[in-house]
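See below for input_2.cif, which holds mmCIF, C-alpha atoms.
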data_run
loop_
_atom_site.group_PDB
_atom_site.id
_atom_site.type_symbol
_atom_site.label_atom_id
_atom_site.label_comp_id
_atom_site.auth_asym_id
_atom_site.auth_seq_id
_atom_site.Cartn_x
_atom_site.Cartn_y
_atom_site.Cartn_z
ATOM 1 C CA MET A 180 23.214 -57.855 -35.843
ATOM 2 C CA GLU A 181 24.571 -54.935 -37.880
ATOM 3 C CA LEU A 182 27.961 -53.324 -37.295
ATOM 4 C CA ARG A 183 26.261 -49.937 -37.372
ATOM 5 C CA VAL A 184 24.050 -50.891 -34.432
ATOM 6 C CA LEU A 185 27.064 -52.204 -32.511
ATOM 7 C CA GLN A 186 28.607 -48.752 -32.934
ATOM 8 C CA TYR A 187 25.384 -47.215 -31.615
ATOM 9 C CA PHE A 188 25.440 -49.514 -28.590
ATOM 10 C CA LEU A 189 29.074 -48.637 -27.804
ATOM 11 C CA ALA A 190 28.236 -44.945 -27.993
ATOM 12 C CA VAL A 191 25.468 -45.439 -25.414
ATOM 13 C CA ALA A 192 27.825 -47.457 -23.186
ATOM 14 C CA ARG A 193 30.458 -44.732 -23.465
ATOM 15 C CA GLU A 194 28.135 -41.810 -22.796
ATOM 16 C CA GLN A 195 26.003 -43.666 -20.213
ATOM 17 C CA SER A 196 23.118 -41.780 -21.743
ATOM 18 C CA ILE A 197 20.918 -42.408 -24.766
ATOM 19 C CA VAL A 198 20.339 -38.677 -25.156
ATOM 20 C CA ARG A 199 24.051 -37.785 -25.217
ATOM 21 C CA ALA A 200 24.847 -40.782 -27.414
ATOM 22 C CA ALA A 201 22.177 -39.720 -29.905
ATOM 23 C CA GLN A 202 23.687 -36.235 -30.028
ATOM 24 C CA SER A 203 27.196 -37.611 -30.661
ATOM 25 C CA LEU A 204 25.831 -39.881 -33.420
ATOM 26 C CA HIS A 205 23.682 -37.136 -34.951
ATOM 27 C CA LEU A 206 20.547 -39.241 -34.482
ATOM 28 C CA SER A 207 17.259 -38.480 -32.838
ATOM 29 C CA GLN A 208 16.796 -39.955 -29.380
ATOM 30 C CA PRO A 209 13.711 -42.026 -30.397
ATOM 31 C CA THR A 210 15.596 -43.500 -33.374
ATOM 32 C CA LEU A 211 18.527 -44.575 -31.188
ATOM 33 C CA SER A 212 16.229 -45.980 -28.493
ATOM 34 C CA THR A 213 14.410 -48.042 -31.116
ATOM 35 C CA GLN A 214 17.658 -49.428 -32.505
ATOM 36 C CA ILE A 215 18.845 -50.496 -29.034
ATOM 37 C CA ARG A 216 15.487 -52.075 -28.150
ATOM 38 C CA ASN A 217 15.491 -53.978 -31.455
ATOM 39 C CA MET A 218 18.927 -55.317 -30.606
ATOM 40 C CA GLU A 219 17.734 -56.440 -27.178
ATOM 41 C CA GLU A 220 14.764 -58.201 -28.775
ATOM 42 C CA GLU A 221 17.047 -59.869 -31.340
ATOM 43 C CA LEU A 222 19.360 -61.167 -28.605
ATOM 44 C CA GLY A 223 16.563 -61.936 -26.170
ATOM 45 C CA LYS A 224 18.467 -60.148 -23.390
ATOM 46 C CA GLN A 225 18.241 -56.807 -21.633
ATOM 47 C CA LEU A 226 21.438 -54.868 -22.300
ATOM 48 C CA LEU A 227 20.721 -51.576 -20.539
ATOM 49 C CA ILE A 228 19.173 -50.580 -17.247
ATOM 50 C CA ARG A 229 17.342 -47.343 -17.960
ATOM 51 C CA GLY A 230 17.282 -44.692 -15.274
ATOM 52 C CA THR A 231 14.119 -43.453 -13.617
ATOM 53 C CA LYS A 232 12.226 -40.527 -15.044
ATOM 54 C CA GLY A 233 14.338 -38.099 -13.030
ATOM 55 C CA SER A 234 17.607 -39.660 -14.187
ATOM 56 C CA ARG A 235 18.589 -40.287 -17.778
ATOM 57 C CA LYS A 236 21.721 -42.263 -16.884
ATOM 58 C CA VAL A 237 21.848 -45.832 -18.191
ATOM 59 C CA THR A 238 24.030 -48.686 -16.949
ATOM 60 C CA LEU A 239 24.955 -51.969 -18.569
ATOM 61 C CA THR A 240 23.559 -55.285 -17.462
ATOM 62 C CA GLU A 241 25.920 -58.249 -17.194
ATOM 63 C CA GLU A 242 24.958 -59.226 -20.746
ATOM 64 C CA GLY A 243 25.515 -55.625 -21.825
ATOM 65 C CA MET A 244 29.053 -55.667 -20.437
ATOM 66 C CA ILE A 245 29.790 -58.874 -22.351
ATOM 67 C CA LEU A 246 28.455 -57.334 -25.545
ATOM 68 C CA ARG A 247 30.488 -54.155 -25.046
ATOM 69 C CA LYS A 248 33.714 -56.169 -24.787
ATOM 70 C CA ARG A 249 32.904 -58.289 -27.832
ATOM 71 C CA ALA A 250 31.648 -55.331 -29.859
ATOM 72 C CA GLU A 251 34.923 -53.477 -29.285
ATOM 73 C CA GLU A 252 36.885 -56.523 -30.451
ATOM 74 C CA ILE A 253 34.644 -57.018 -33.504
ATOM 75 C CA LEU A 254 34.913 -53.394 -34.639
ATOM 76 C CA ASP A 255 38.681 -53.348 -34.057
ATOM 77 C CA LEU A 256 39.023 -56.455 -36.218
ATOM 78 C CA VAL A 257 36.787 -54.971 -38.943
ATOM 79 C CA LYS A 258 38.909 -51.805 -39.028
ATOM 80 C CA LYS A 259 42.127 -53.838 -39.192
ATOM 81 C CA THR A 260 40.730 -55.974 -42.036
ATOM 82 C CA GLU A 261 39.544 -52.937 -44.008
ATOM 83 C CA ASN A 262 42.991 -51.329 -43.731
ATOM 84 C CA GLU A 263 44.697 -54.499 -44.947
ATOM 85 C CA ILE A 264 42.401 -54.807 -47.975
ATOM 86 C CA ILE A 265 42.566 -51.125 -48.914
ATOM 87 C CA LEU A 266 46.365 -51.119 -48.793
ATOM 88 C CA SER A 267 46.945 -54.561 -50.320
ATOM 89 C CA ASP A 268 47.806 -53.255 -53.802
ATOM 90 C CA SER A 269 49.543 -50.027 -52.806
ATOM 91 C CA ALA A 270 53.024 -49.303 -51.502
ATOM 92 C CA ILE A 271 53.874 -51.069 -48.259
ATOM 93 C CA MET A 272 51.911 -48.956 -45.840
ATOM 94 C CA GLY A 273 49.691 -49.888 -42.945
ATOM 95 C CA ASP A 274 49.703 -51.163 -39.402
ATOM 96 C CA VAL A 275 51.506 -53.874 -37.469
ATOM 97 C CA TYR A 276 49.929 -54.972 -34.174
ATOM 98 C CA ILE A 277 52.201 -56.457 -31.493
ATOM 99 C CA GLY A 278 51.405 -57.699 -28.000
ATOM 100 C CA ALA A 279 54.174 -58.095 -25.430
ATOM 101 C CA GLY A 280 54.933 -58.456 -21.775
ATOM 102 C CA GLU A 281 57.236 -55.994 -20.041
ATOM 103 C CA THR A 282 60.742 -56.941 -21.138
ATOM 104 C CA ASP A 283 63.943 -55.409 -22.399
ATOM 105 C CA GLY A 284 63.617 -57.924 -25.237
ATOM 106 C CA ILE A 285 61.220 -55.516 -26.931
ATOM 107 C CA ARG A 286 64.365 -53.641 -27.984
ATOM 108 C CA LEU A 287 65.013 -56.321 -30.589
ATOM 109 C CA LEU A 288 61.605 -55.663 -32.146
ATOM 110 C CA ALA A 289 62.171 -51.909 -31.945
ATOM 111 C CA ARG A 290 65.542 -52.319 -33.657
ATOM 112 C CA ALA A 291 63.963 -54.219 -36.553
ATOM 113 C CA ALA A 292 61.194 -51.623 -36.815
ATOM 114 C CA GLY A 293 63.786 -48.842 -36.861
ATOM 115 C CA ARG A 294 65.703 -50.490 -39.698
ATOM 116 C CA LEU A 295 62.526 -51.110 -41.647
ATOM 117 C CA ARG A 296 61.367 -47.521 -41.235
ATOM 118 C CA LYS A 297 64.153 -46.287 -43.512
ATOM 119 C CA GLY A 298 62.623 -48.057 -46.507
ATOM 120 C CA CYS A 299 58.995 -48.273 -45.387
ATOM 121 C CA PRO A 300 58.120 -45.092 -43.463
ATOM 122 C CA GLY A 301 54.411 -45.751 -44.022
ATOM 123 C CA ILE A 302 54.315 -48.704 -41.600
ATOM 124 C CA HIS A 303 52.949 -47.859 -38.158
ATOM 125 C CA TYR A 304 53.196 -49.993 -35.023
ATOM 126 C CA HIS A 305 50.685 -50.555 -32.247
ATOM 127 C CA ILE A 306 52.051 -52.111 -29.045
ATOM 128 C CA SER A 307 49.728 -53.675 -26.448
ATOM 129 C CA SER A 308 51.193 -54.681 -23.076
ATOM 130 C CA GLY A 309 49.966 -57.708 -21.156
ATOM 131 C CA ASN A 310 50.809 -61.154 -19.870
ATOM 132 C CA LYS A 311 50.984 -64.306 -21.984
ATOM 133 C CA THR A 312 47.260 -65.038 -21.596
ATOM 134 C CA PHE A 313 46.352 -61.527 -22.764
ATOM 135 C CA VAL A 314 48.669 -61.754 -25.764
ATOM 136 C CA THR A 315 47.599 -65.221 -26.944
ATOM 137 C CA GLU A 316 43.888 -64.434 -26.537
ATOM 138 C CA ARG A 317 44.231 -61.383 -28.782
ATOM 139 C CA LEU A 318 46.349 -63.319 -31.247
ATOM 140 C CA ASP A 319 43.694 -66.029 -31.442
ATOM 141 C CA LYS A 320 41.000 -63.425 -32.118
ATOM 142 C CA GLY A 321 43.016 -61.862 -34.927
ATOM 143 C CA LEU A 322 43.520 -58.579 -33.080
ATOM 144 C CA LEU A 323 47.315 -58.915 -33.073
ATOM 145 C CA ASP A 324 49.779 -59.874 -35.763
ATOM 146 C CA PHE A 325 52.545 -60.927 -33.379
ATOM 147 C CA GLY A 326 53.116 -61.628 -29.725
ATOM 148 C CA LEU A 327 56.309 -61.505 -27.672
ATOM 149 C CA VAL A 328 55.877 -64.119 -24.945
ATOM 150 C CA PHE A 329 57.933 -65.750 -22.212
ATOM 151 C CA GLY A 330 58.400 -69.500 -22.071
ATOM 152 C CA THR A 331 57.843 -72.162 -24.697
ATOM 153 C CA PRO A 332 54.754 -71.456 -26.845
ATOM 154 C CA ASP A 333 52.252 -73.967 -28.188
ATOM 155 C CA PHE A 334 53.916 -74.914 -31.483
ATOM 156 C CA LYS A 335 50.725 -76.606 -32.654
ATOM 157 C CA LYS A 336 48.974 -73.228 -32.722
ATOM 158 C CA TYR A 337 51.789 -70.785 -33.388
ATOM 159 C CA ASP A 338 54.823 -70.283 -35.567
ATOM 160 C CA ALA A 339 57.679 -68.808 -33.592
ATOM 161 C CA LEU A 340 61.117 -67.236 -33.644
ATOM 162 C CA LYS A 341 63.261 -67.739 -30.563
ATOM 163 C CA LEU A 342 65.016 -64.601 -29.364
ATOM 164 C CA PRO A 343 68.749 -64.897 -28.678
ATOM 165 C CA GLU A 344 68.443 -63.241 -25.275
ATOM 166 C CA LYS A 345 66.818 -64.524 -22.094
ATOM 167 C CA ASP A 346 65.122 -62.527 -19.380
ATOM 168 C CA ILE A 347 66.678 -62.846 -15.933
ATOM 169 C CA TRP A 348 64.561 -62.872 -12.782
ATOM 170 C CA GLY A 349 65.686 -60.876 -9.784
ATOM 171 C CA VAL A 350 64.600 -58.612 -6.939
ATOM 172 C CA LEU A 351 63.965 -54.884 -7.190
ATOM 173 C CA MET A 352 64.513 -53.178 -3.826
ATOM 174 C CA GLN A 353 65.475 -49.882 -2.238
ATOM 175 C CA LYS A 354 69.122 -49.000 -2.826
ATOM 176 C CA ASP A 355 69.920 -48.813 0.912
ATOM 177 C CA ASP A 356 68.252 -52.143 1.757
ATOM 178 C CA PRO A 357 70.482 -54.644 3.646
ATOM 179 C CA LEU A 358 69.898 -57.248 0.909
ATOM 180 C CA THR A 359 71.810 -55.075 -1.579
ATOM 181 C CA LYS A 360 75.003 -56.169 0.201
ATOM 182 C CA LYS A 361 74.479 -59.575 -1.393
ATOM 183 C CA ASP A 362 75.438 -60.271 -5.027
ATOM 184 C CA SER A 363 72.356 -62.462 -5.489
ATOM 185 C CA ILE A 364 69.175 -63.377 -3.628
ATOM 186 C CA ALA A 365 68.338 -66.887 -2.390
ATOM 187 C CA PRO A 366 64.798 -68.170 -1.768
ATOM 188 C CA GLY A 367 65.194 -68.058 2.018
ATOM 189 C CA ASP A 368 66.060 -64.360 1.854
ATOM 190 C CA LEU A 369 62.493 -63.625 0.731
ATOM 191 C CA TRP A 370 60.343 -66.028 2.719
ATOM 192 C CA ASP A 371 59.568 -63.451 5.430
ATOM 193 C CA LYS A 372 59.690 -60.340 3.238
ATOM 194 C CA PRO A 373 56.720 -58.330 1.863
ATOM 195 C CA LEU A 374 56.647 -59.199 -1.836
ATOM 196 C CA LEU A 375 55.225 -57.592 -4.954
ATOM 197 C CA LEU A 376 54.630 -60.155 -7.694
ATOM 198 C CA SER A 377 53.231 -59.967 -11.197
ATOM 199 C CA GLN A 378 49.572 -60.961 -11.307
ATOM 200 C CA GLU A 379 50.466 -64.093 -13.251
ATOM 201 C CA GLN A 380 53.141 -65.248 -10.792
ATOM 202 C CA ALA A 381 51.098 -64.318 -7.716
ATOM 203 C CA GLU A 382 48.738 -67.161 -8.626
ATOM 204 C CA GLY A 383 51.580 -69.677 -8.892
ATOM 205 C CA GLY A 384 54.237 -70.375 -11.484
ATOM 206 C CA VAL A 385 57.974 -70.695 -11.951
ATOM 207 C CA LEU A 386 58.671 -68.281 -9.103
ATOM 208 C CA MET A 387 56.775 -70.431 -6.642
ATOM 209 C CA GLN A 388 58.785 -73.455 -7.751
ATOM 210 C CA TRP A 389 61.993 -71.492 -7.280
ATOM 211 C CA MET A 390 60.847 -70.253 -3.845
ATOM 212 C CA HIS A 391 59.776 -73.764 -2.756
ATOM 213 C CA ARG A 392 56.670 -72.170 -1.301
ATOM 214 C CA LYS A 393 52.974 -71.818 -2.097
ATOM 215 C CA PRO A 394 51.605 -68.304 -2.587
ATOM 216 C CA SER A 395 49.474 -68.665 0.542
ATOM 217 C CA SER A 396 52.578 -69.153 2.713
ATOM 218 C CA LEU A 397 54.272 -65.957 1.490
ATOM 219 C CA ASN A 398 53.697 -62.337 2.438
ATOM 220 C CA ILE A 399 52.444 -61.078 -0.945
ATOM 221 C CA THR A 400 51.503 -57.480 -0.202
ATOM 222 C CA ALA A 401 50.622 -56.534 -3.788
ATOM 223 C CA SER A 402 50.392 -57.847 -7.329
ATOM 224 C CA TYR A 403 51.143 -55.747 -10.374
ATOM 225 C CA ASN A 404 50.516 -55.643 -14.087
ATOM 226 C CA LEU A 405 53.043 -52.926 -14.976
ATOM 227 C CA LEU A 406 56.424 -52.999 -13.241
ATOM 228 C CA PHE A 407 56.855 -49.226 -13.377
ATOM 229 C CA ASN A 408 53.863 -48.824 -11.069
ATOM 230 C CA ALA A 409 55.218 -51.543 -8.767
ATOM 231 C CA SER A 410 58.606 -49.813 -8.672
ATOM 232 C CA LEU A 411 56.967 -46.747 -7.115
ATOM 233 C CA PHE A 412 55.582 -48.995 -4.376
ATOM 234 C CA VAL A 413 59.094 -50.329 -3.811
ATOM 235 C CA GLU A 414 60.468 -46.777 -3.595
ATOM 236 C CA GLU A 415 57.898 -46.014 -0.895
ATOM 237 C CA GLY A 416 58.948 -49.035 1.154
ATOM 238 C CA LEU A 417 55.996 -51.319 0.400
ATOM 239 C CA GLY A 418 58.194 -54.345 -0.290
ATOM 240 C CA TYR A 419 60.385 -56.204 -2.761
ATOM 241 C CA ALA A 420 59.308 -56.636 -6.375
ATOM 242 C CA ILE A 421 60.374 -59.832 -8.091
ATOM 243 C CA SER A 422 60.751 -58.967 -11.740
ATOM 244 C CA PHE A 423 62.856 -59.178 -14.858
ATOM 245 C CA ASP A 424 66.113 -57.257 -15.121
ATOM 246 C CA ARG A 425 66.678 -54.168 -17.317
ATOM 247 C CA ILE A 426 63.089 -52.905 -17.219
ATOM 248 C CA ILE A 427 63.537 -50.333 -14.443
ATOM 249 C CA ASN A 428 66.606 -48.089 -14.488
ATOM 250 C CA THR A 429 68.627 -48.670 -11.313
ATOM 251 C CA SER A 430 71.701 -46.644 -12.284
ATOM 252 C CA GLY A 431 72.746 -43.111 -11.400
ATOM 253 C CA ASP A 432 70.411 -41.306 -9.009
ATOM 254 C CA SER A 433 67.841 -44.088 -8.929
ATOM 255 C CA LYS A 434 66.561 -44.990 -5.466
ATOM 256 C CA LEU A 435 66.360 -48.639 -6.464
ATOM 257 C CA ALA A 436 68.719 -51.590 -6.863
ATOM 258 C CA PHE A 437 68.367 -54.963 -8.596
ATOM 259 C CA ARG A 438 69.896 -58.300 -7.621
ATOM 260 C CA PRO A 439 69.526 -61.568 -9.599
ATOM 261 C CA LEU A 440 68.105 -64.723 -8.054
ATOM 262 C CA ASP A 441 70.304 -67.579 -6.870
ATOM 263 C CA PRO A 442 70.031 -70.239 -8.161
ATOM 264 C CA PRO A 443 69.581 -68.262 -11.400
ATOM 265 C CA LEU A 444 66.122 -68.208 -12.940
ATOM 266 C CA GLU A 445 65.944 -67.347 -16.623
ATOM 267 C CA VAL A 446 63.179 -67.505 -19.186
ATOM 268 C CA GLU A 447 63.314 -67.772 -22.967
ATOM 269 C CA MET A 448 61.434 -65.355 -25.204
ATOM 270 C CA TYR A 449 59.667 -66.022 -28.492
ATOM 271 C CA LEU A 450 58.037 -63.909 -31.159
ATOM 272 C CA ILE A 451 54.912 -65.851 -32.135
ATOM 273 C CA TRP A 452 52.114 -65.589 -34.707
ATOM 274 C CA LYS A 453 49.186 -67.821 -35.645
ATOM 275 C CA LYS A 454 49.891 -70.790 -37.877
ATOM 276 C CA TYR A 455 48.480 -70.555 -41.402
ATOM 277 C CA GLN A 456 47.612 -66.890 -40.827
ATOM 278 C CA MET A 457 47.582 -64.652 -43.890
ATOM 279 C CA LEU A 458 49.740 -61.763 -42.689
ATOM 280 C CA SER A 459 49.279 -58.273 -44.095
ATOM 281 C CA ARG A 460 52.062 -56.914 -46.282
ATOM 282 C CA PRO A 461 53.381 -54.627 -43.505
ATOM 283 C CA ALA A 462 53.385 -57.567 -41.065
ATOM 284 C CA GLU A 463 55.169 -59.794 -43.591
ATOM 285 C CA LYS A 464 57.768 -57.094 -44.190
ATOM 286 C CA PHE A 465 58.322 -56.623 -40.467
ATOM 287 C CA LEU A 466 58.682 -60.365 -39.881
ATOM 288 C CA LYS A 467 61.271 -60.646 -42.666
ATOM 289 C CA GLU A 468 63.244 -57.704 -41.256
ATOM 290 C CA PHE A 469 63.092 -59.129 -37.735
ATOM 291 C CA HIS A 470 64.276 -62.513 -39.000
ATOM 292 C CA GLU A 471 67.191 -60.890 -40.800
ATOM 293 C CA SER A 472 68.181 -58.896 -37.722
ATOM 294 C CA LEU A 473 68.208 -62.089 -35.624
ATOM 295 C CA LYS A 474 70.465 -63.829 -38.148
ATOM 296 C CA GLU A 475 72.885 -60.897 -38.113
ATOM 297 C CA SER A 476 73.045 -61.011 -34.307
ATOM 298 C CA GLU A 477 74.058 -64.693 -34.294
ATOM 299 C CA PRO A 478 77.698 -65.323 -33.335
ATOM 300 C CA LYS A 479 79.937 -65.794 -36.368
#
Would you mind giving the structure from this file in structure tokens?
Amino acid sequence: MELRVLQYFLAVAREQSIVRAAQSLHLSQPTLSTQIRNMEEELGKQLLIRGTKGSRKVTLTEEGMILRKRAEEILDLVKKTENEIILSDSAIMGDVYIGAGETDGIRLLARAAGRLRKGCPGIHYHISSGNKTFVTERLDKGLLDFGLVFGTPDFKKYDALKLPEKDIWGVLMQKDDPLTKKDSIAPGDLWDKPLLLSQEQAEGGVLMQWMHRKPSSLNITASYNLLFNASLFVEEGLGYAISFDRIINTSGDSKLAFRPLDPPLEVEMYLIWKKYQMLSRPAEKFLKEFHESLKESEPK
């Protein structure tokens, strides 16, 4: 399977039309159709459902959707590898790829990147947001250099630096809610409340242990991937979002308030990368700068 043909296939998937894809690729329609059919024959699977004569729209089969996902990952990795090789003997320029969950801890990475930028302005950063599963999957595939994750990582697979700060769990609610009169929120305060939980915690996790309840016994009205979106639901009275502190601004004219959990629930954060991985020069430089910034932040 050639990379060129994978690019052709992704163009067809994007345009949902062989005709439009051929135009964007500057190929003839018969040439592109032949390339796609040859790929299907090579894989022994139908990848596209062609429209009827009156409709030129094509849709992906289940196998086609799998290939689209993998093809995007393969081409991203090829591009990343090419950039690393091209820039290996030049000044420290290039890209650093970081995956992270939503956390104020990202400030520590941003601080290191800001310091490094003074001496290495040619380094560019690409931040992907997602939960721990998302981050580790992309790390394992070589699509990320580093991941910022919550909780203890698998030290057999990853090298890690522990961040000095911890994330604190709490409840995001409307500023005039009766619960804001409390300094902290106990499990029983939430048992009968409509809750918005992260997708990871909605399926069970440390929050369920803290709540002493199973997800099925709680009133989980929504799950979220990005807390900002969930905060808008909270503003509109849809419920209480259980989240980390310092992600949503609750000061000034904000309509929201945050209260920590009681008993307190905290989680450690780690910057991780694959063991025995050959990091690019920009990634190595960033890691060294981040390590130095952590040492400087340690109490004297």
### Task
Name the residues captured by the PyMOL selection byres ((chain A and resi 459) around 9) when it is applied to the shown file; answer as a ChimeraX atom specification.
/A:263-264,267,273-275,324,457-458,460-464
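Once Tyr419 (chain A) and its same-chain neighbours fewer than 4 positions away are set aside, Leu351, Met352, Leu374 and Leu375 of chain A remain within 6 Å of it when counting only C-alpha atoms.
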The PyMOL selection byres ((chain A and resi 337) around 6) resolved against shown file, as a PDB file with C-alpha atoms, keeping the file's coordinate frame:
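Now in part_30.pdb:
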ATOM      1  CA  PHE A 334      53.916 -74.914 -31.483  1.00  0.00           C
ATOM      2  CA  LYS A 335      50.725 -76.606 -32.654  1.00  0.00           C
ATOM      3  CA  LYS A 336      48.974 -73.228 -32.722  1.00  0.00           C
ATOM      4  CA  ASP A 338      54.823 -70.283 -35.567  1.00  0.00           C
ATOM      5  CA  ILE A 451      54.912 -65.851 -32.135  1.00  0.00           C
ATOM      6  CA  TRP A 452      52.114 -65.589 -34.707  1.00  0.00           C
ATOM      7  CA  LYS A 453      49.186 -67.821 -35.645  1.00  0.00           C
ATOM      8  CA  LYS A 454      49.891 -70.790 -37.877  1.00  0.00           C
TER       9      LYS A 454
END
### Query
Got a sec to resolve the PyMOL selection byres ((chain A and resi 240) around 7) on this structure and send the residues as a ChimeraX atom specification?
/A:225-228,238-239,241-244
### Task
Tell me, in Å to one decimal, how far CA of Ile253 (chain A) is from CA of Pro209 (chain A).
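Spanning CA of Ile253 (chain A) to CA of Pro209 (chain A) is a straight-line distance of 25.9 Å.
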Kindly provide, as AutoDock Vina command-line options, the centre and edge lengths (Å, one decimal) of an axis-aligned box around all atoms of region 429-448 of chain A given in the file, with 3 Å on each side.
--center_x 67.1 --center_y -55.8 --center_z -15.3 --size_x 17.3 --size_y 34.9 --size_z 25.7
